[in-house]
>>> print(open('target-v4.txt').read())   # compact mmCIF, C-alpha atoms
# COMPACT_ATOMS: atom_id res chain seq x y z
CA MET A 1 -13.30 34.94 -27.90
CA SER A 2 -11.59 32.45 -25.62
CA GLY A 3 -7.89 31.88 -25.23
CA LEU A 4 -5.03 34.35 -25.43
CA SER A 5 -4.32 37.05 -28.03
CA GLN A 6 -3.96 36.47 -31.75
CA ILE A 7 -0.15 36.81 -31.52
CA VAL A 8 0.12 34.00 -29.00
CA LYS A 9 -2.23 31.82 -31.05
CA THR A 10 -0.22 32.27 -34.25
CA VAL A 11 3.15 31.66 -32.59
CA SER A 12 1.86 28.59 -30.76
CA LEU A 13 0.55 27.15 -34.02
CA VAL A 14 3.97 27.76 -35.60
CA LEU A 15 5.65 25.95 -32.67
CA PHE A 16 3.01 23.21 -32.45
CA VAL A 17 4.15 21.27 -35.52
CA PRO A 18 7.89 21.07 -34.71
CA ILE A 19 7.19 20.03 -31.10
CA LEU A 20 4.77 17.34 -32.25
CA THR A 21 7.26 16.12 -34.86
CA PHE A 22 10.03 15.94 -32.28
CA GLY A 23 7.80 14.02 -29.88
CA LEU A 24 6.85 11.50 -32.57
CA TYR A 25 10.53 11.17 -33.52
CA VAL A 26 11.51 10.41 -29.91
CA VAL A 27 8.74 7.79 -29.65
CA ALA A 28 9.50 6.16 -33.01
CA HIS A 29 13.28 5.97 -32.45
CA GLY A 30 13.10 4.75 -28.87
CA HIS A 31 14.98 1.57 -29.75
CA LEU A 32 17.80 3.43 -31.55
CA THR A 33 18.47 6.71 -29.76
CA PRO A 34 17.98 7.96 -26.19
CA GLY A 35 14.32 8.41 -25.38
CA GLY A 36 11.30 6.18 -25.71
CA GLY A 37 7.61 6.03 -25.06
CA PHE A 38 7.50 7.92 -21.78
CA GLN A 39 9.80 10.74 -22.88
CA GLY A 40 8.27 11.18 -26.32
CA GLY A 41 4.75 11.04 -24.92
CA THR A 42 5.64 13.83 -22.53
CA VAL A 43 6.96 15.95 -25.41
CA ILE A 44 3.70 15.40 -27.35
CA ALA A 45 1.76 16.34 -24.22
CA THR A 46 3.67 19.64 -23.98
CA ALA A 47 2.61 20.47 -27.55
CA LEU A 48 -1.02 19.81 -26.59
CA ALA A 49 -0.54 21.87 -23.41
CA LEU A 50 0.69 24.80 -25.50
CA PHE A 51 -2.39 24.48 -27.69
CA LEU A 52 -4.65 24.32 -24.60
CA VAL A 53 -3.14 27.43 -22.99
CA ALA A 54 -3.15 29.47 -26.19
CA PHE A 55 -6.61 28.54 -27.51
CA GLY A 56 -8.58 27.78 -24.35
CA ALA A 57 -10.49 24.71 -23.27
CA LYS A 58 -13.45 25.17 -25.65
CA GLU A 59 -11.32 24.96 -28.78
CA PHE A 60 -9.29 22.10 -27.28
CA LYS A 61 -12.39 20.11 -26.38
CA ARG A 62 -13.79 20.62 -29.88
CA ILE A 63 -10.78 18.70 -31.28
CA LEU A 64 -9.87 16.34 -28.41
CA GLY A 65 -12.67 15.59 -25.98
CA LYS A 66 -12.29 14.16 -22.50
CA ASP A 67 -13.90 10.87 -23.46
CA PHE A 68 -11.69 10.57 -26.54
CA LEU A 69 -8.48 11.16 -24.55
CA SER A 70 -9.60 8.73 -21.89
CA ALA A 71 -10.34 6.08 -24.53
CA VAL A 72 -6.96 6.57 -26.24
CA GLU A 73 -5.21 6.27 -22.88
CA SER A 74 -6.99 3.02 -22.11
CA ILE A 75 -6.26 1.66 -25.59
CA GLY A 76 -2.55 2.46 -25.15
CA LEU A 77 -2.33 0.63 -21.83
CA LEU A 78 -4.39 -2.33 -23.10
CA SER A 79 -2.28 -2.74 -26.23
CA PHE A 80 0.87 -2.63 -24.10
CA GLY A 81 -0.50 -5.43 -21.93
CA ALA A 82 -1.69 -7.36 -25.00
CA LEU A 83 1.77 -7.14 -26.62
CA ALA A 84 3.24 -8.48 -23.40
CA LEU A 85 0.71 -11.32 -23.35
CA LEU A 86 1.40 -12.19 -27.01
CA GLY A 87 4.88 -13.33 -26.02
CA LEU A 88 3.38 -15.80 -23.59
CA GLY A 89 4.42 -18.72 -25.80
CA THR A 90 7.90 -18.24 -24.33
CA ALA A 91 7.36 -16.00 -21.32
CA PHE A 92 5.45 -12.89 -20.29
CA PHE A 93 7.12 -9.91 -22.08
CA ALA A 94 9.13 -12.23 -24.34
CA ASN A 95 10.33 -10.40 -27.45
CA PHE A 96 8.78 -12.74 -30.00
CA LEU A 97 9.34 -10.47 -33.02
CA ALA A 98 13.06 -9.78 -32.58
CA ASN A 99 15.36 -11.43 -35.15
CA SER A 100 12.34 -13.11 -36.77
CA GLY A 101 12.72 -11.39 -40.16
CA GLY A 102 9.16 -10.07 -40.21
CA LEU A 103 7.77 -6.84 -38.76
CA PHE A 104 10.56 -5.03 -36.87
CA GLY A 105 12.45 -8.31 -37.20
CA LYS A 106 15.83 -7.36 -38.71
CA SER A 107 18.95 -8.33 -36.81
CA VAL A 108 21.56 -5.71 -36.01
CA PRO A 109 25.34 -6.20 -36.04
CA VAL A 110 26.80 -6.41 -32.53
CA GLY A 111 28.77 -3.30 -31.60
CA ALA A 112 28.49 0.27 -32.77
CA ASN A 113 26.35 0.73 -35.89
CA ALA A 114 24.25 3.39 -37.54
CA GLY A 115 20.99 1.74 -36.48
CA ILE A 116 18.31 -0.08 -38.42
CA PHE A 117 14.79 1.26 -37.92
CA ASN A 118 13.13 -2.05 -38.78
CA SER A 119 14.64 -3.91 -35.82
CA ALA A 120 14.13 -4.66 -32.12
CA GLY A 121 10.88 -6.64 -32.34
CA THR A 122 8.16 -5.64 -29.90
CA ILE A 123 10.16 -2.75 -28.37
CA PRO A 124 9.08 -0.09 -30.96
CA LEU A 125 5.44 -1.29 -30.78
CA MET A 126 5.51 -1.06 -26.99
CA ASN A 127 7.10 2.39 -27.31
CA PHE A 128 4.17 3.50 -29.47
CA ALA A 129 1.63 2.05 -27.04
CA VAL A 130 3.24 3.73 -24.03
CA GLY A 131 3.73 6.94 -26.04
CA ILE A 132 0.07 7.42 -26.90
CA GLU A 133 -0.90 6.44 -23.36
CA VAL A 134 1.42 8.98 -21.72
CA ALA A 135 0.56 11.76 -24.20
CA SER A 136 -3.20 11.40 -23.76
CA ALA A 137 -2.93 10.84 -19.99
CA LEU A 138 -0.90 14.00 -19.36
CA SER A 139 -3.03 16.15 -21.66
CA LEU A 140 -6.18 14.76 -20.02
CA VAL A 141 -4.84 15.77 -16.59
CA LEU A 142 -4.03 19.26 -17.93
CA LEU A 143 -7.49 19.61 -19.50
CA LEU A 144 -9.25 18.51 -16.30
CA MET A 145 -7.19 20.91 -14.18
CA TYR A 146 -7.82 23.75 -16.64
CA LEU A 147 -11.57 23.11 -16.60
CA SER A 148 -11.75 22.94 -12.79
CA GLU A 149 -9.72 26.16 -12.51
CA LYS A 150 -11.77 28.21 -14.92
CA GLY A 151 -15.16 26.55 -14.62
CA VAL A 152 -15.72 27.13 -18.34
CA GLY A 153 -16.18 25.06 -21.46
CA LYS A 154 -19.20 23.10 -20.24
CA MET B 155 15.83 21.69 25.63
CA LYS B 156 13.99 21.32 22.33
CA ALA B 157 16.86 22.94 20.44
CA VAL B 158 19.32 20.51 22.01
CA ALA B 159 17.16 17.53 21.00
CA LYS B 160 16.85 18.87 17.46
CA THR B 161 20.61 19.34 17.18
CA LEU B 162 21.19 15.85 18.55
CA VAL B 163 18.82 14.25 16.02
CA PHE B 164 20.41 16.25 13.22
CA LEU B 165 23.92 15.18 14.25
CA VAL B 166 22.90 11.51 14.48
CA LEU B 167 21.34 11.66 10.99
CA VAL B 168 24.44 13.36 9.55
CA PHE B 169 26.65 10.76 11.26
CA PHE B 170 24.78 7.87 9.64
CA LEU B 171 24.71 9.59 6.25
CA VAL B 172 28.48 10.18 6.33
CA LEU B 173 29.01 6.60 7.52
CA THR B 174 26.97 5.31 4.56
CA ALA B 175 28.88 7.51 2.13
CA ILE B 176 32.21 6.22 3.45
CA GLU B 177 31.05 2.62 3.28
CA LEU B 178 29.94 2.89 -0.38
CA ARG B 179 31.83 0.78 -2.85
CA PRO B 180 34.06 2.68 -5.30
CA PHE B 181 32.36 3.92 -8.46
CA GLY B 182 32.22 1.38 -11.26
CA LYS B 183 33.12 -1.60 -9.07
CA PRO B 184 29.88 -3.31 -8.09
CA LYS B 185 29.95 -6.41 -5.90
CA LYS B 186 28.23 -8.83 -8.29
CA SER B 187 27.70 -7.92 -11.94
CA THR B 188 26.67 -11.19 -13.55
CA MET B 189 23.32 -9.80 -14.75
CA ASP B 190 24.84 -6.52 -16.01
CA ASP B 191 27.55 -8.35 -17.91
CA TYR B 192 25.02 -10.67 -19.48
CA ILE B 193 22.85 -7.78 -20.69
CA ILE B 194 25.84 -5.78 -21.94
CA VAL B 195 27.25 -8.72 -23.89
CA GLU B 196 24.07 -10.42 -25.14
CA GLY B 197 21.45 -7.63 -25.10
CA GLN B 198 22.11 -6.21 -28.56
CA ARG B 199 22.09 -9.65 -30.19
CA GLU B 200 19.01 -10.94 -28.35
CA THR B 201 16.70 -7.93 -28.67
CA ALA B 202 18.23 -6.38 -31.83
CA ALA B 203 17.88 -2.94 -30.21
CA ASN B 204 20.76 -0.47 -30.34
CA ASN B 205 19.46 1.38 -27.28
CA LEU B 206 20.23 -1.01 -24.43
CA VAL B 207 18.23 1.10 -21.97
CA SER B 208 15.12 0.55 -24.10
CA ALA B 209 15.97 -3.14 -24.31
CA VAL B 210 16.10 -3.37 -20.52
CA VAL B 211 13.04 -1.22 -19.87
CA PHE B 212 10.73 -2.79 -22.47
CA ASP B 213 12.09 -6.34 -22.65
CA TYR B 214 14.20 -7.61 -19.77
CA ARG B 215 12.37 -5.58 -17.12
CA GLY B 216 9.00 -5.24 -18.82
CA TYR B 217 7.11 -5.84 -15.58
CA ASP B 218 8.48 -2.60 -14.19
CA THR B 219 7.26 -0.61 -17.20
CA LEU B 220 3.85 -2.26 -16.98
CA GLY B 221 3.69 -1.12 -13.35
CA GLU B 222 4.72 2.42 -14.29
CA ALA B 223 2.06 2.62 -17.00
CA THR B 224 -0.56 1.28 -14.59
CA VAL B 225 0.43 3.81 -11.94
CA LEU B 226 0.04 6.61 -14.50
CA PHE B 227 -3.38 5.25 -15.48
CA ALA B 228 -4.46 5.07 -11.84
CA ALA B 229 -3.23 8.63 -11.19
CA VAL B 230 -5.17 9.98 -14.17
CA SER B 231 -8.28 8.07 -13.03
CA GLY B 232 -7.92 9.70 -9.62
CA VAL B 233 -7.60 13.16 -11.15
CA TYR B 234 -10.66 12.47 -13.33
CA LEU B 235 -12.61 11.40 -10.23
CA LEU B 236 -11.58 14.40 -8.12
CA LEU B 237 -11.96 17.10 -10.79
CA ARG B 238 -15.24 15.93 -12.37
CA GLU B 239 -17.94 18.46 -13.05
CA ALA B 240 -20.56 18.63 -10.32
CA LYS B 241 -24.12 17.57 -11.20
CA LYS B 242 -26.49 20.52 -11.10
>>> encode(input="target-v4.txt", output="structure tokens")
Amino acid sequence: MSGLSQIVKTVSLVLFVPILTFGLYVVAHGHLTPGGGFQGGTVIATALALFLVAFGAKEFKRILGKDFLSAVESIGLLSFGALALLGLGTAFFANFLANSGGLFGKSVPVGANAGIFNSAGTIPLMNFAVGIEVASALSLVLLLMYLSEKGVGK
Amino acid sequence: MKAVAKTLVFLVLVFFLVLTAIELRPFGKPKKSTMDDYIIVEGQRETAANNLVSAVVFDYRGYDTLGEATVLFAAVSGVYLLLREAKK
């Protein structure tokens, strides 16, 4: 039996869901509240780190393999670059969706307001791209370090 | 002799640090703030984002974020290369 004791496993599973939810919240509301892709991705990576420490590398690799994490990381970075290139009609990194009325295209009143989720154009999409990149990158680093330390989970 | 040289270097460094701290402009009074004022006034209308920091990081200064993401990717690639499993 790999990993830590049953108590640690149960408690980490109880904590896993709220941490993951908080990380996704920080990523999704990057354009409204403090936070964003980098910060939320790091929070998601801490949830995965908790899972890795409690359950061991074998169980972790069964769910999220090295190749899968590497692919998700590359997809995140590529979609970030592609979103930047899509604005090339105006300029590199132009926010072509903002105030357009479509996806994430609502305008917000100037000044203090409660916040509209469906606003800010490409910023939420870029937050998501950076979020999945950072989350998978950090958990991939942790997994690689764990494997090299223990020499298990081949 | 070595101790004297060390003390001298330390004192020179402290002197320049204190000089820099004295020469700093007062807090909240930057020399030129044309760009800041533009972003503060127009940012919320142009990007429709309430969080102006996100607007700057992902829109006005997107190049910087692209560089950060690339640096992270390169760092992870380096870790992957260094900590790969050895071929038997």
>>> atom_distance(input="target-v4.txt", atom1="CA of Lys186 in chain B", atom2="CA of Phe93 in chain A")
25.2 Å
>>> closest_atom_pairs(input="target-v4.txt", of="chain B", to="chain A", cutoff="7 Å", atoms="all atoms listed in the file", output="tab-separated table")
residue	atom	partner	partner_atom	distance
B:Gln198	CA	A:Val110	CA	6.1
B:Arg199	CA	A:Val110	CA	6.2
B:Thr201	CA	A:Ala120	CA	5.4
B:Ala202	CA	A:Ala120	CA	4.5
B:Ala203	CA	A:Ala120	CA	4.5
B:Asn204	CA	A:Leu32	CA	5.0
B:Asn205	CA	A:Leu32	CA	5.0
B:Ser208	CA	A:His31	CA	5.7
B:Phe212	CA	A:Ile123	CA	5.9
B:Asp213	CA	A:Phe93	CA	6.1
B:Gly216	CA	A:Phe93	CA	6.0
B:Ala223	CA	A:Leu77	CA	6.8
B:Val230	CA	A:Val141	CA	6.3
B:Val233	CA	A:Val141	CA	6.6
B:Tyr234	CA	A:Leu144	CA	6.9
B:Leu237	CA	A:Ser148	CA	6.2
>>> atom_distance(input="target-v4.txt", atom1="CA of Ala45 in chain A", atom2="CA of Gly232 in chain B")
18.7 Å
>>> atom_distance(input="target-v4.txt", atom1="CA of Met189 in chain B", atom2="CA of Ala129 in chain A")
27.6 Å
>>> closest_residue(input="target-v4.txt", among="A:Val17, A:Ser100, A:Ser5, A:Ile132", to="Glu200 in chain B", atoms="all atoms listed in the file")
A:Ser100
